[in-house]
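Asks: Okay, so here is structure-v3.cif, and as you'll see once you scroll down, it has mmCIF, C-alpha atoms.
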```cif
data_coords
#
loop_
_atom_site.label_atom_id
_atom_site.label_comp_id
_atom_site.auth_asym_id
_atom_site.auth_seq_id
_atom_site.Cartn_x
_atom_site.Cartn_y
_atom_site.Cartn_z
CA MET A 1 -4.28 1.59 43.00
CA ALA A 2 -2.51 -1.73 42.99
CA ASP A 3 -4.50 -2.83 40.00
CA ARG A 4 -3.94 0.38 38.09
CA PRO A 5 -1.06 0.94 35.75
CA THR A 6 1.76 3.15 36.79
CA HIS A 7 2.95 5.88 34.59
CA LEU A 8 6.67 5.98 34.48
CA PRO A 9 8.12 9.39 35.07
CA ALA A 10 10.07 10.87 32.24
CA GLY A 11 13.33 9.07 31.75
CA GLN A 12 12.46 6.08 33.83
CA VAL A 13 12.89 2.86 31.93
CA THR A 14 12.17 -0.39 33.63
CA GLU A 15 12.66 -3.99 32.77
CA PRO A 16 9.67 -5.46 30.94
CA SER A 17 9.10 -7.92 33.74
CA GLU A 18 8.76 -5.24 36.36
CA PRO A 19 5.20 -5.12 37.67
CA THR A 20 4.45 -1.62 36.57
CA VAL A 21 1.29 -2.41 34.64
CA PRO A 22 -1.98 -4.17 35.21
CA THR A 23 -3.60 -6.89 33.17
CA GLU A 24 -7.09 -5.45 33.32
CA PRO A 25 -8.92 -5.14 30.01
CA GLU A 26 -9.78 -1.77 28.56
CA PRO A 27 -10.78 0.78 29.61
CA GLU A 28 -9.50 -0.06 33.06
CA VAL A 29 -5.99 -0.52 31.79
CA LEU A 30 -5.67 3.11 30.85
CA PRO A 31 -2.77 4.37 32.90
CA ASP A 32 -3.53 6.57 35.82
CA ALA A 33 -1.09 9.12 34.63
CA PRO A 34 -0.92 12.86 34.95
CA ALA A 35 -1.67 14.67 31.74
CA ALA A 36 1.46 15.14 29.72
CA GLU A 37 2.68 18.57 28.79
CA PRO A 38 0.87 19.89 25.75
CA GLU A 39 2.98 19.62 22.67
CA ALA A 40 4.48 22.88 21.53
CA GLY A 41 6.54 23.50 18.46
CA ALA A 42 8.12 21.14 15.98
CA PRO A 43 8.77 17.54 16.85
CA ASP A 44 12.37 17.87 17.92
CA ALA A 45 14.32 14.75 18.65
CA VAL A 46 13.61 13.48 22.10
CA ALA A 47 16.43 11.87 23.95
CA ASP A 48 15.62 8.45 25.33
CA THR A 49 16.24 9.75 28.83
CA GLU A 50 13.35 12.14 28.35
CA ARG A 51 10.93 9.82 26.63
CA PRO A 52 7.66 9.12 28.43
CA ILE A 53 7.01 5.42 28.21
CA ARG A 54 4.02 3.40 29.30
CA ARG A 55 4.28 -0.33 29.52
CA TYR A 56 1.53 -2.91 29.56
CA ARG A 57 1.73 -6.62 30.04
CA ALA A 58 -1.36 -6.99 27.92
CA ALA A 59 -3.45 -4.64 25.82
CA VAL A 60 -5.53 -4.66 22.68
CA SER A 61 -2.60 -3.26 20.79
CA ALA A 62 0.23 -0.85 21.34
CA GLY A 63 -1.17 1.43 18.66
CA ALA A 64 -4.60 1.61 20.27
CA MET A 65 -3.09 2.51 23.62
CA ALA A 66 -0.86 5.15 22.07
CA LEU A 67 -3.77 6.67 20.15
CA GLY A 68 -5.78 6.83 23.34
CA TRP A 69 -2.91 8.48 25.15
CA ALA A 70 -2.47 10.98 22.33
CA ASN A 71 -6.13 11.87 21.97
CA LEU A 72 -7.30 11.80 25.56
CA GLU A 73 -4.22 12.99 27.39
CA GLN A 74 -2.27 14.97 24.82
CA ALA A 75 0.67 12.60 24.79
CA PRO A 76 3.75 14.48 23.60
CA THR A 77 5.77 13.66 20.54
CA GLY A 78 7.91 10.64 21.22
CA ALA A 79 5.58 9.20 23.84
CA THR A 80 5.90 5.44 23.59
CA VAL A 81 3.70 2.53 24.56
CA VAL A 82 5.26 -0.90 24.94
CA VAL A 83 3.01 -3.93 25.15
CA ASP A 84 4.27 -7.39 26.08
CA HIS A 85 1.20 -9.20 24.80
CA GLU A 86 -1.06 -7.64 22.19
CA VAL A 87 -4.49 -9.19 21.98
CA SER A 88 -5.01 -7.89 18.47
CA PRO A 89 -1.67 -7.23 16.79
CA MET A 90 -3.07 -5.94 13.53
CA GLY A 91 -0.89 -4.33 10.94
CA ARG A 92 -1.85 -2.73 7.66
CA LEU A 93 -5.31 -3.76 6.44
CA GLY A 94 -5.83 -5.78 9.57
CA GLN A 95 -3.12 -8.29 8.80
CA MET A 96 -2.26 -10.15 11.96
CA TRP A 97 1.28 -10.30 13.26
CA THR A 98 1.79 -14.03 13.78
CA VAL A 99 5.07 -14.11 15.69
CA PRO A 100 4.38 -15.17 19.31
CA ALA A 101 4.24 -12.35 21.81
CA LEU A 102 7.18 -13.72 23.75
CA SER A 103 9.34 -13.29 20.68
CA THR A 104 7.96 -9.93 19.68
CA LEU A 105 8.88 -6.41 20.62
CA ALA A 106 5.69 -4.41 20.10
CA PHE A 107 5.55 -0.71 20.67
CA ALA A 108 3.93 2.43 19.33
CA VAL A 109 5.22 5.97 19.23
CA VAL A 110 3.12 9.11 19.19
CA LEU A 111 4.25 11.65 16.64
CA ARG A 112 3.09 15.09 15.61
CA PRO A 113 5.05 15.49 12.40
CA PRO A 114 5.09 18.73 10.40
CA LEU A 115 3.26 17.21 7.45
CA SER A 116 0.41 18.37 5.28
CA ALA A 117 -2.69 16.23 4.86
CA ASP A 118 -1.42 15.17 1.43
CA GLU A 119 1.69 13.76 3.09
CA ALA A 120 -0.24 11.38 5.33
CA ASP A 121 1.60 8.36 3.92
CA VAL A 122 5.00 9.72 4.90
CA PRO A 123 4.90 8.27 8.46
CA TRP A 124 4.83 4.78 6.92
CA ILE A 125 8.02 5.59 5.06
CA VAL A 126 9.81 7.25 7.93
CA GLY A 127 8.69 4.54 10.34
CA SER A 128 10.01 1.76 8.14
CA LEU A 129 13.27 3.60 7.60
CA ALA A 130 13.77 4.13 11.32
CA VAL A 131 13.06 0.49 12.10
CA ALA A 132 15.62 -0.68 9.55
CA GLU A 133 18.21 1.78 10.80
CA GLY A 134 17.49 1.04 14.44
CA ILE A 135 17.84 -2.70 14.06
CA GLU A 136 21.20 -2.25 12.42
CA ALA A 137 22.31 0.30 15.01
CA ALA A 138 21.47 -2.15 17.78
CA GLY A 139 23.71 -4.75 16.23
CA GLY A 140 21.12 -6.57 14.17
CA PRO A 141 21.58 -7.74 10.59
CA SER A 142 21.39 -5.50 7.54
CA MET A 143 17.83 -4.54 6.75
CA ARG A 144 15.84 -3.68 3.64
CA THR A 145 12.34 -2.34 3.36
CA LEU A 146 9.37 -3.45 1.32
CA TRP A 147 7.00 -0.60 0.57
CA PRO A 148 4.97 0.31 2.53
CA ASP A 149 5.07 -1.61 5.79
CA VAL A 150 7.59 -4.42 5.96
CA VAL A 151 11.23 -4.58 7.02
CA VAL A 152 13.15 -7.65 5.94
CA ASP A 153 16.56 -9.20 6.50
CA ALA A 154 18.71 -8.05 3.60
CA GLU A 155 20.44 -11.41 3.51
CA ASP A 156 17.57 -13.85 3.26
CA GLY A 157 14.52 -11.65 2.78
CA THR A 158 12.67 -12.90 5.83
CA THR A 159 10.31 -10.48 7.50
CA LYS A 160 11.80 -9.00 10.65
CA ALA A 161 9.39 -6.22 11.41
CA SER A 162 6.13 -4.68 10.38
CA VAL A 163 5.16 -1.05 10.61
CA ARG A 164 1.75 0.51 10.79
CA ALA A 165 1.00 4.21 10.80
CA ASP A 166 -2.31 5.47 12.11
CA VAL A 167 -2.66 9.02 10.94
CA GLN A 168 -5.26 11.47 12.15
CA LEU A 169 -5.74 14.65 10.21
CA GLY A 170 -6.46 18.16 11.36
CA PRO A 171 -7.36 21.06 9.07
CA GLY A 172 -4.97 20.62 6.16
CA LYS A 173 -2.33 18.85 8.16
CA VAL A 174 -1.41 15.71 9.99
CA ARG A 175 -2.48 16.17 13.58
CA ILE A 176 -1.26 12.91 15.07
CA ALA A 177 0.61 9.95 13.66
CA VAL A 178 1.06 6.84 15.74
CA VAL A 179 3.68 4.49 14.34
CA THR A 180 3.33 0.95 15.60
CA VAL A 181 6.28 -1.39 15.26
CA ARG A 182 6.37 -5.15 15.72
CA LEU A 183 9.80 -6.67 15.69
CA ASP A 184 10.49 -10.38 15.42
CA LEU A 185 13.09 -11.36 18.00
CA SER A 186 12.71 -15.09 17.59
CA GLU A 187 15.77 -15.61 15.42
CA GLY A 188 19.19 -14.15 15.68
CA ALA A 189 18.36 -11.75 18.46
CA ASP A 190 18.20 -12.23 22.17
CA PRO A 191 14.81 -11.18 23.55
CA ALA A 192 16.65 -9.69 26.49
CA ARG A 193 17.92 -7.07 24.10
CA ARG A 194 14.45 -5.61 23.68
CA GLU A 195 15.47 -2.40 25.40
CA GLU A 196 18.41 -1.92 23.07
CA PHE A 197 16.22 -2.34 20.01
CA LEU A 198 13.55 -0.12 21.48
CA ALA A 199 15.98 2.68 22.22
CA ALA A 200 17.71 2.40 18.87
CA ILE A 201 14.53 2.38 16.80
CA THR A 202 12.81 5.16 18.70
CA GLY A 203 15.99 7.22 18.56
CA HIS A 204 16.15 6.90 14.79
CA LEU A 205 12.45 7.63 14.53
CA ASP A 206 12.94 10.84 16.49
CA GLN A 207 15.84 11.80 14.28
CA ARG A 208 14.04 11.17 11.00
CA MET A 209 10.90 12.89 12.18
CA ALA A 210 12.92 15.93 13.19
CA GLU A 211 14.41 16.01 9.70
CA LEU A 212 10.92 16.34 8.25
CA ALA A 213 10.96 19.96 9.38
CA ASP A 214 13.35 20.50 6.46
CA GLY A 215 11.21 18.50 4.05
CA VAL A 216 10.66 14.91 3.10
CA ALA A 217 13.51 14.68 0.61
CA GLY A 218 16.23 13.59 3.05
CA PRO A 219 14.45 10.65 4.72
CA LEU A 220 12.86 9.70 1.41
CA ALA A 221 16.22 9.36 -0.33
CA LEU A 222 17.47 7.14 2.48
CA TYR A 223 14.31 5.06 2.30
CA GLU A 224 14.59 4.55 -1.45
CA LYS A 225 18.14 3.27 -1.07
CA ARG A 226 16.86 0.55 1.23
CA CYS A 227 13.64 -0.26 -0.57
CA SER A 228 13.65 -3.64 -2.28
CA THR A 229 10.28 -2.97 -3.86
CA LEU A 230 11.80 -0.48 -6.27
CA GLY A 231 13.26 -1.46 -9.60
CA HIS A 232 11.07 -4.51 -10.09
CA ASN A 233 7.99 -5.49 -12.00
CA LEU A 234 5.13 -5.71 -9.54
CA LYS A 235 1.70 -7.18 -9.41
CA LEU A 236 -0.54 -5.07 -7.21
CA ARG A 237 -4.01 -5.66 -5.94
CA LEU A 238 -5.63 -2.29 -5.53
CA ILE A 239 -8.64 -1.03 -3.69
CA PRO A 240 -10.98 -0.58 -5.51
CA ARG A 241 -9.40 -0.87 -8.93
CA GLY A 242 -8.48 -4.52 -8.97
CA GLU A 243 -5.24 -5.88 -10.28
CA MET A 244 -2.49 -4.08 -12.10
CA ARG A 245 1.11 -4.68 -13.05
CA ALA A 246 3.82 -2.13 -13.54
CA HIS A 247 7.44 -1.32 -12.96
CA SER A 248 8.13 0.35 -9.63
CA ALA A 249 10.26 3.40 -10.22
CA ALA A 250 10.30 5.47 -7.05
CA VAL A 251 8.53 6.60 -3.93
CA ASP A 252 7.20 10.09 -4.49
CA PRO A 253 7.43 12.93 -1.95
CA LEU A 254 3.97 12.08 -0.67
CA GLY A 255 5.05 8.56 0.19
CA ARG A 256 3.19 6.98 -2.70
CA LEU A 257 4.65 4.23 -4.85
CA GLU A 258 5.34 5.51 -8.34
CA LEU A 259 4.71 2.99 -11.09
CA ARG A 260 5.51 3.17 -14.77
CA SER A 261 4.28 1.09 -17.66
CA ALA A 262 6.12 0.20 -20.85
CA THR A 263 4.18 2.90 -22.68
CA GLY A 264 5.10 5.54 -20.14
CA MET A 265 1.91 5.59 -18.12
CA VAL A 266 2.77 6.82 -14.63
CA GLU A 267 0.57 5.91 -11.70
CA ARG A 268 1.02 6.72 -8.06
CA VAL A 269 -0.66 4.56 -5.50
CA SER A 270 -1.07 5.48 -1.87
CA VAL A 271 -0.76 3.08 1.04
CA ASN A 272 -4.50 2.81 1.54
CA GLN A 273 -5.08 1.86 -2.08
CA VAL A 274 -2.92 -1.24 -1.94
CA ARG A 275 -4.28 -4.56 -0.83
CA GLY A 276 -1.19 -6.53 -1.79
CA VAL A 277 2.13 -6.21 -3.56
CA GLU A 278 3.90 -9.10 -5.26
CA VAL A 279 7.31 -8.81 -6.86
CA LEU A 280 7.32 -10.61 -10.21
CA ALA A 281 10.34 -12.56 -11.37
CA MET B 1 -1.20 -7.04 -32.48
CA GLY B 2 -3.42 -10.02 -32.97
CA THR B 3 -3.76 -12.28 -35.96
CA THR B 4 -6.40 -14.37 -34.23
CA PRO B 5 -9.20 -13.18 -31.96
CA GLN B 6 -7.80 -15.10 -28.99
CA GLU B 7 -4.32 -13.66 -29.50
CA ALA B 8 -5.73 -10.15 -29.76
CA ALA B 9 -7.81 -10.68 -26.63
CA ARG B 10 -4.81 -11.94 -24.67
CA THR B 11 -2.63 -9.03 -25.80
CA PHE B 12 -5.36 -6.56 -24.89
CA ILE B 13 -5.94 -7.98 -21.42
CA GLN B 14 -2.22 -8.05 -20.69
CA ALA B 15 -1.91 -4.45 -21.87
CA VAL B 16 -4.70 -3.46 -19.50
CA ALA B 17 -3.03 -5.27 -16.62
CA TRP B 18 0.37 -3.72 -17.32
CA GLY B 19 -0.99 -0.23 -17.85
CA GLU B 20 0.17 0.01 -21.46
CA HIS B 21 -2.30 2.73 -22.19
CA HIS B 22 -1.28 3.50 -25.76
CA VAL B 23 -1.41 -0.18 -26.69
CA VAL B 24 -4.87 -0.43 -25.17
CA TRP B 25 -6.06 2.55 -27.18
CA ASP B 26 -4.48 1.35 -30.40
CA MET B 27 -6.12 -2.05 -30.00
CA LEU B 28 -9.58 -0.55 -29.87
CA SER B 29 -11.44 -0.61 -33.14
CA THR B 30 -12.23 2.66 -34.85
CA GLU B 31 -15.84 2.30 -33.79
CA ALA B 32 -14.85 1.55 -30.19
CA GLN B 33 -12.62 4.63 -30.05
CA ARG B 34 -15.54 6.72 -31.29
CA VAL B 35 -17.83 5.24 -28.66
CA VAL B 36 -15.26 5.87 -25.90
CA MET B 37 -14.94 9.50 -26.91
CA GLY B 38 -18.71 9.81 -26.95
CA ILE B 39 -19.01 8.38 -23.47
CA ALA B 40 -16.26 10.68 -22.22
CA THR B 41 -17.99 13.80 -23.51
CA SER B 42 -21.35 12.64 -22.18
CA ARG B 43 -19.72 12.30 -18.76
CA GLY B 44 -18.40 15.82 -18.76
CA MET B 45 -15.20 15.90 -20.79
CA PRO B 46 -14.91 19.44 -22.21
CA GLU B 47 -15.59 19.45 -25.92
CA PRO B 48 -12.35 21.33 -26.76
CA LEU B 49 -10.34 18.62 -25.02
CA ALA B 50 -12.33 15.92 -26.79
CA ALA B 51 -11.63 17.65 -30.09
CA ARG B 52 -7.89 17.80 -29.36
CA LEU B 53 -7.88 14.12 -28.50
CA ARG B 54 -9.79 13.29 -31.65
CA ASP B 55 -7.62 15.27 -34.05
CA GLY B 56 -4.32 14.38 -32.41
CA THR B 57 -3.40 17.82 -31.07
CA ALA B 58 -3.80 17.00 -27.39
CA THR B 59 -0.77 17.43 -25.17
CA GLN B 60 1.07 14.36 -23.95
CA ALA B 61 -0.27 14.96 -20.44
CA GLU B 62 -3.84 15.13 -21.73
CA LEU B 63 -3.32 11.99 -23.76
CA ASP B 64 -1.79 10.12 -20.82
CA GLN B 65 -4.57 11.21 -18.49
CA PHE B 66 -7.35 10.21 -20.86
CA ARG B 67 -5.90 6.86 -21.84
CA GLY B 68 -4.85 6.15 -18.25
CA ASP B 69 -8.43 6.68 -17.12
CA LEU B 70 -9.56 4.36 -19.87
CA VAL B 71 -7.17 1.64 -18.70
CA ASN B 72 -8.39 2.01 -15.14
CA GLY B 73 -11.95 1.66 -16.35
CA PHE B 74 -11.08 -1.64 -17.99
CA ARG B 75 -9.29 -2.73 -14.83
CA ALA B 76 -12.45 -2.09 -12.85
CA ASP B 77 -14.30 -4.32 -15.30
CA LEU B 78 -11.76 -7.06 -14.59
CA LEU B 79 -11.94 -6.66 -10.83
CA SER B 80 -11.05 -9.85 -8.96
CA VAL B 81 -9.91 -11.60 -12.13
CA ASP B 82 -6.41 -13.09 -12.11
CA VAL B 83 -5.37 -12.37 -15.68
CA ASP B 84 -2.51 -14.88 -15.51
CA THR B 85 -4.85 -17.82 -15.27
CA LEU B 86 -7.43 -16.85 -17.86
CA ASP B 87 -8.38 -19.08 -20.74
CA TYR B 88 -9.50 -17.42 -23.95
CA ASP B 89 -12.34 -19.32 -25.57
CA LEU B 90 -13.51 -18.35 -29.02
CA VAL B 91 -17.26 -18.43 -29.54
CA GLU B 92 -17.72 -19.67 -33.07
CA GLY B 93 -20.52 -19.64 -35.59
CA VAL B 94 -22.77 -16.97 -34.15
CA PHE B 95 -21.26 -13.81 -35.53
CA GLU B 96 -20.90 -12.30 -38.96
CA PRO B 97 -17.66 -12.77 -40.84
CA GLY B 98 -15.05 -10.34 -39.61
CA THR B 99 -16.42 -10.28 -36.09
CA ALA B 100 -15.81 -12.58 -33.14
CA ARG B 101 -16.42 -13.02 -29.45
CA VAL B 102 -13.79 -14.34 -27.03
CA VAL B 103 -14.90 -15.42 -23.59
CA LEU B 104 -12.42 -14.97 -20.73
CA MET B 105 -12.72 -18.08 -18.62
CA VAL B 106 -11.47 -18.40 -15.05
CA PRO B 107 -10.35 -22.02 -14.55
CA VAL B 108 -12.23 -23.84 -11.83
CA PRO B 109 -10.84 -27.03 -10.31
CA ASP B 110 -14.29 -28.38 -9.49
CA PRO B 111 -15.48 -30.65 -12.35
CA ILE B 112 -19.10 -30.03 -11.40
CA LEU B 113 -18.69 -26.44 -12.53
CA GLY B 114 -17.14 -27.48 -15.81
CA SER B 115 -13.87 -26.24 -17.20
CA GLY B 116 -14.25 -22.72 -15.95
CA LEU B 117 -16.41 -19.73 -15.23
CA PRO B 118 -16.83 -16.83 -17.63
CA ALA B 119 -15.39 -13.65 -16.17
CA ALA B 120 -15.87 -11.40 -19.16
CA SER B 121 -16.07 -11.46 -22.89
CA LEU B 122 -14.54 -9.40 -25.63
CA GLU B 123 -16.22 -8.57 -28.89
CA LEU B 124 -13.78 -8.05 -31.71
CA SER B 125 -13.81 -7.03 -35.30
CA GLN B 126 -11.28 -7.36 -38.04
CA GLU B 127 -9.66 -4.23 -39.46
CA GLY B 128 -7.29 -5.14 -42.23
CA GLU B 129 -5.23 -8.05 -41.02
CA GLU B 130 -5.64 -7.22 -37.35
CA TRP B 131 -8.32 -8.10 -34.84
CA ARG B 132 -9.35 -5.17 -32.68
CA ILE B 133 -11.51 -4.79 -29.63
CA ASP B 134 -15.06 -3.49 -29.93
CA ARG B 135 -16.33 -4.08 -26.39
CA LEU B 136 -15.37 -5.58 -23.07
CA ILE B 137 -18.39 -7.07 -21.36
CA SER B 138 -17.77 -7.84 -17.72
CA ARG B 139 -19.57 -10.70 -16.00
CA LEU B 140 -18.14 -10.13 -12.52
CA ALA B 141 -17.74 -6.44 -11.93
CA LYS B 142 -20.76 -4.31 -11.28
#
```
Written as structure tokens, that's how I'd like the structure from this file.
Replies:
Amino acid sequence: MADRPTHLPAGQVTEPSEPTVPTEPEPEVLPDAPAAEPEAGAPDAVADTERPIRRYRAAVSAGAMALGWANLEQAPTGATVVVDHEVSPMGRLGQMWTVPALSTLAFAVVLRPPLSADEADVPWIVGSLAVAEGIEAAGGPSMRTLWPDVVVDAEDGTTKASVRADVQLGPGKVRIAVVTVRLDLSEGADPARREEFLAAITGHLDQRMAELADGVAGPLALYEKRCSTLGHNLKLRLIPRGEMRAHSAAVDPLGRLELRSATGMVERVSVNQVRGVEVLA
Amino acid sequence: MGTTPQEAARTFIQAVAWGEHHVVWDMLSTEAQRVVMGIATSRGMPEPLAARLRDGTATQAELDQFRGDLVNGFRADLLSVDVDTLDYDLVEGVFEPGTARVVLMVPVPDPILGSGLPAASLELSQEGEEWRIDRLISRLAK
């Protein structure tokens, strides 16, 4: 079993350099772990000491590994996959994360949020919010969000993290959401602080997800306060409608961007409809 | 809204891009508005709703929905066109007085291809002092 990954028991957190994982390609890299306890009940906050974590030196992507864990082994809410080197670090619409792996904290968290199928965009919102809050809580700079998937330094607007939510639906509801986070640690943050950022972000993600049991309004209000996309004229490239411009007014309770025109036309675009967003001067 | 065909075409395209649905509707010629209503009913719009839209008794929500769908239809016709870079070329001498065609040209840096490629054209007609849109003919969208 020397070439098989080791599943860390609940609560055990190791240094990234510790040889707990193999470098075999898929499917051999799937951890030889006992099946996790089936998820029961609402996604309550999971303390970091109880969080099941799997670590890989290399994998296709953290999100792919987390989805596999969730689907094949019933990974519980909060289960986290950390990958040192992602072969294919694709974000929304397949956009590649270009920060070198050595300067990146890449991880994915399995969630089973209490959301309807219509609310499938909400994990993007809650994920981005948690990343921004977690970075700040770990001593990082002030953060803002760009709807739907980017977290930027509030000071200079540089991208500090990207978020991707892979949502799988069940009958009328969100069955699984895997939120993948890639955090740029190349500037202003010591890579050795990965564990602090990881704990802070996942902690906030747990907290915000737990709040969804009471509705989307709370996390959404916090997200809107941080969202730099709002209040500007935007140029959007939409799938399949082409290009449009409008004033961004809000994020609606389904996680969609709400746009208004000068004549009062209101349009709401979901994450999957948007190919690109550009803020106009 | 447009004292020249090119000016009217530019205003119309910008209104489509910015989702100014009432401007888009108001810039359509009387004939074009009639044709749009005809197409809508042929595609399943209930006749009572069409009648309310025609005689001005539709609710604001009905009006917004109908004109919003119209704008999105025009956007689909302009798929992949960057409206900021368009040139508006007037085609002269081939139409009757009071009518005009404006070709929307996408600038191309390659001199072999000429000054640009036609992305779409607008047929216009004059109503009073204003130029209004009769048709948008797409060259790029399906």
Asks: Taking all atoms listed in the file into account, what are the residues of chain A at most 7 Å from chain B, put as a PyMOL selection string?
Replies: chain A and resi 241-246+261-263+265
Asks: Going by the chain IDs and residue numbers used in this file, which residues fall under the PyMOL selection byres ((chain A and resi 137) around 10)? Write them as a ChimeraX atom specification.
Replies: /A:131-136,138-142,196-197,199-201,204
Asks: Can you measure CA of Gly203 in chain A to CA of Leu169 in chain A for me? One decimal in Å is fine.
Replies: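 Computing the Euclidean distance for CA of Gly203 in chain A and CA of Leu169 in chain A yields 24.4 Å.
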Asks: For the provided coordinates, the residues matched by the PyMOL selection byres ((chain B and resi 107) around 7) should be stated as a short mmCIF file (atom, residue, chain, number, x, y, z; two decimals) with C-alpha atoms, in the coordinates of the input.
Replies:
```
data_model
loop_
_atom_site.label_atom_id
_atom_site.label_comp_id
_atom_site.auth_asym_id
_atom_site.auth_seq_id
_atom_site.Cartn_x
_atom_site.Cartn_y
_atom_site.Cartn_z
CA THR B 85 -4.85 -17.82 -15.27
CA LEU B 86 -7.43 -16.85 -17.86
CA MET B 105 -12.72 -18.08 -18.62
CA VAL B 106 -11.47 -18.40 -15.05
CA VAL B 108 -12.23 -23.84 -11.83
CA PRO B 109 -10.84 -27.03 -10.31
CA SER B 115 -13.87 -26.24 -17.20
CA GLY B 116 -14.25 -22.72 -15.95
CA LEU B 117 -16.41 -19.73 -15.23
#
```
Asks: Mind working out the centre and edge lengths of an axis-aligned box for range 73-78 of chain B, all listed atoms inside, 8 Å added to each side, rounded to one decimal in Å and written as AutoDock Vina command-line options?
Replies:
```
--center_x -11.8 --center_y -2.7 --center_z -15.4 --size_x 21.0 --size_y 24.7 --size_z 21.1
```
Asks: Could you jot down the CA of Ala117 in chain A to CA of Ala161 in chain A separation for me, Å, one decimal place?
Replies: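 Separation between CA of Ala117 in chain A and CA of Ala161 in chain A: 26.3 Å.
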Asks: Have a look at B:Glu7, B:Asp87, B:Glu130, B:Glu123 and name the one nearest to Val102 in chain B; count all atoms listed in the file.
Replies: B:Glu123
Asks: Show me, as a CSV table (one decimal) with C-alpha atoms, keeping the file's coordinate frame, the residues that have an atom within 12 Å of Pro48 in chain B when counting all atoms listed in the file, minus same-chain residues fewer than 4 positions from it.
Replies:
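Saved to part_39.csv:
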```
chain,number,residue,atom,x,y,z
B,41,THR,CA,-18.0,13.8,-23.5
B,44,GLY,CA,-18.4,15.8,-18.8
B,52,ARG,CA,-7.9,17.8,-29.4
B,53,LEU,CA,-7.9,14.1,-28.5
B,54,ARG,CA,-9.8,13.3,-31.6
B,55,ASP,CA,-7.6,15.3,-34.0
B,57,THR,CA,-3.4,17.8,-31.1
B,58,ALA,CA,-3.8,17.0,-27.4
B,62,GLU,CA,-3.8,15.1,-21.7
```
Asks: Once the PyMOL selection byres ((chain B and resi 101) around 12) has been evaluated on this model, what residues remain selected, and can you format them as a PyMOL selection string?
Replies: chain B and resi 4-6+8-9+88-100+102-104+120-126+131-137
Asks: Report, in Å with one decimal, the straight-line distance from CA of Asp252 in chain A to CA of Gln60 in chain B.
Replies: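 The value is 20.8 Å.
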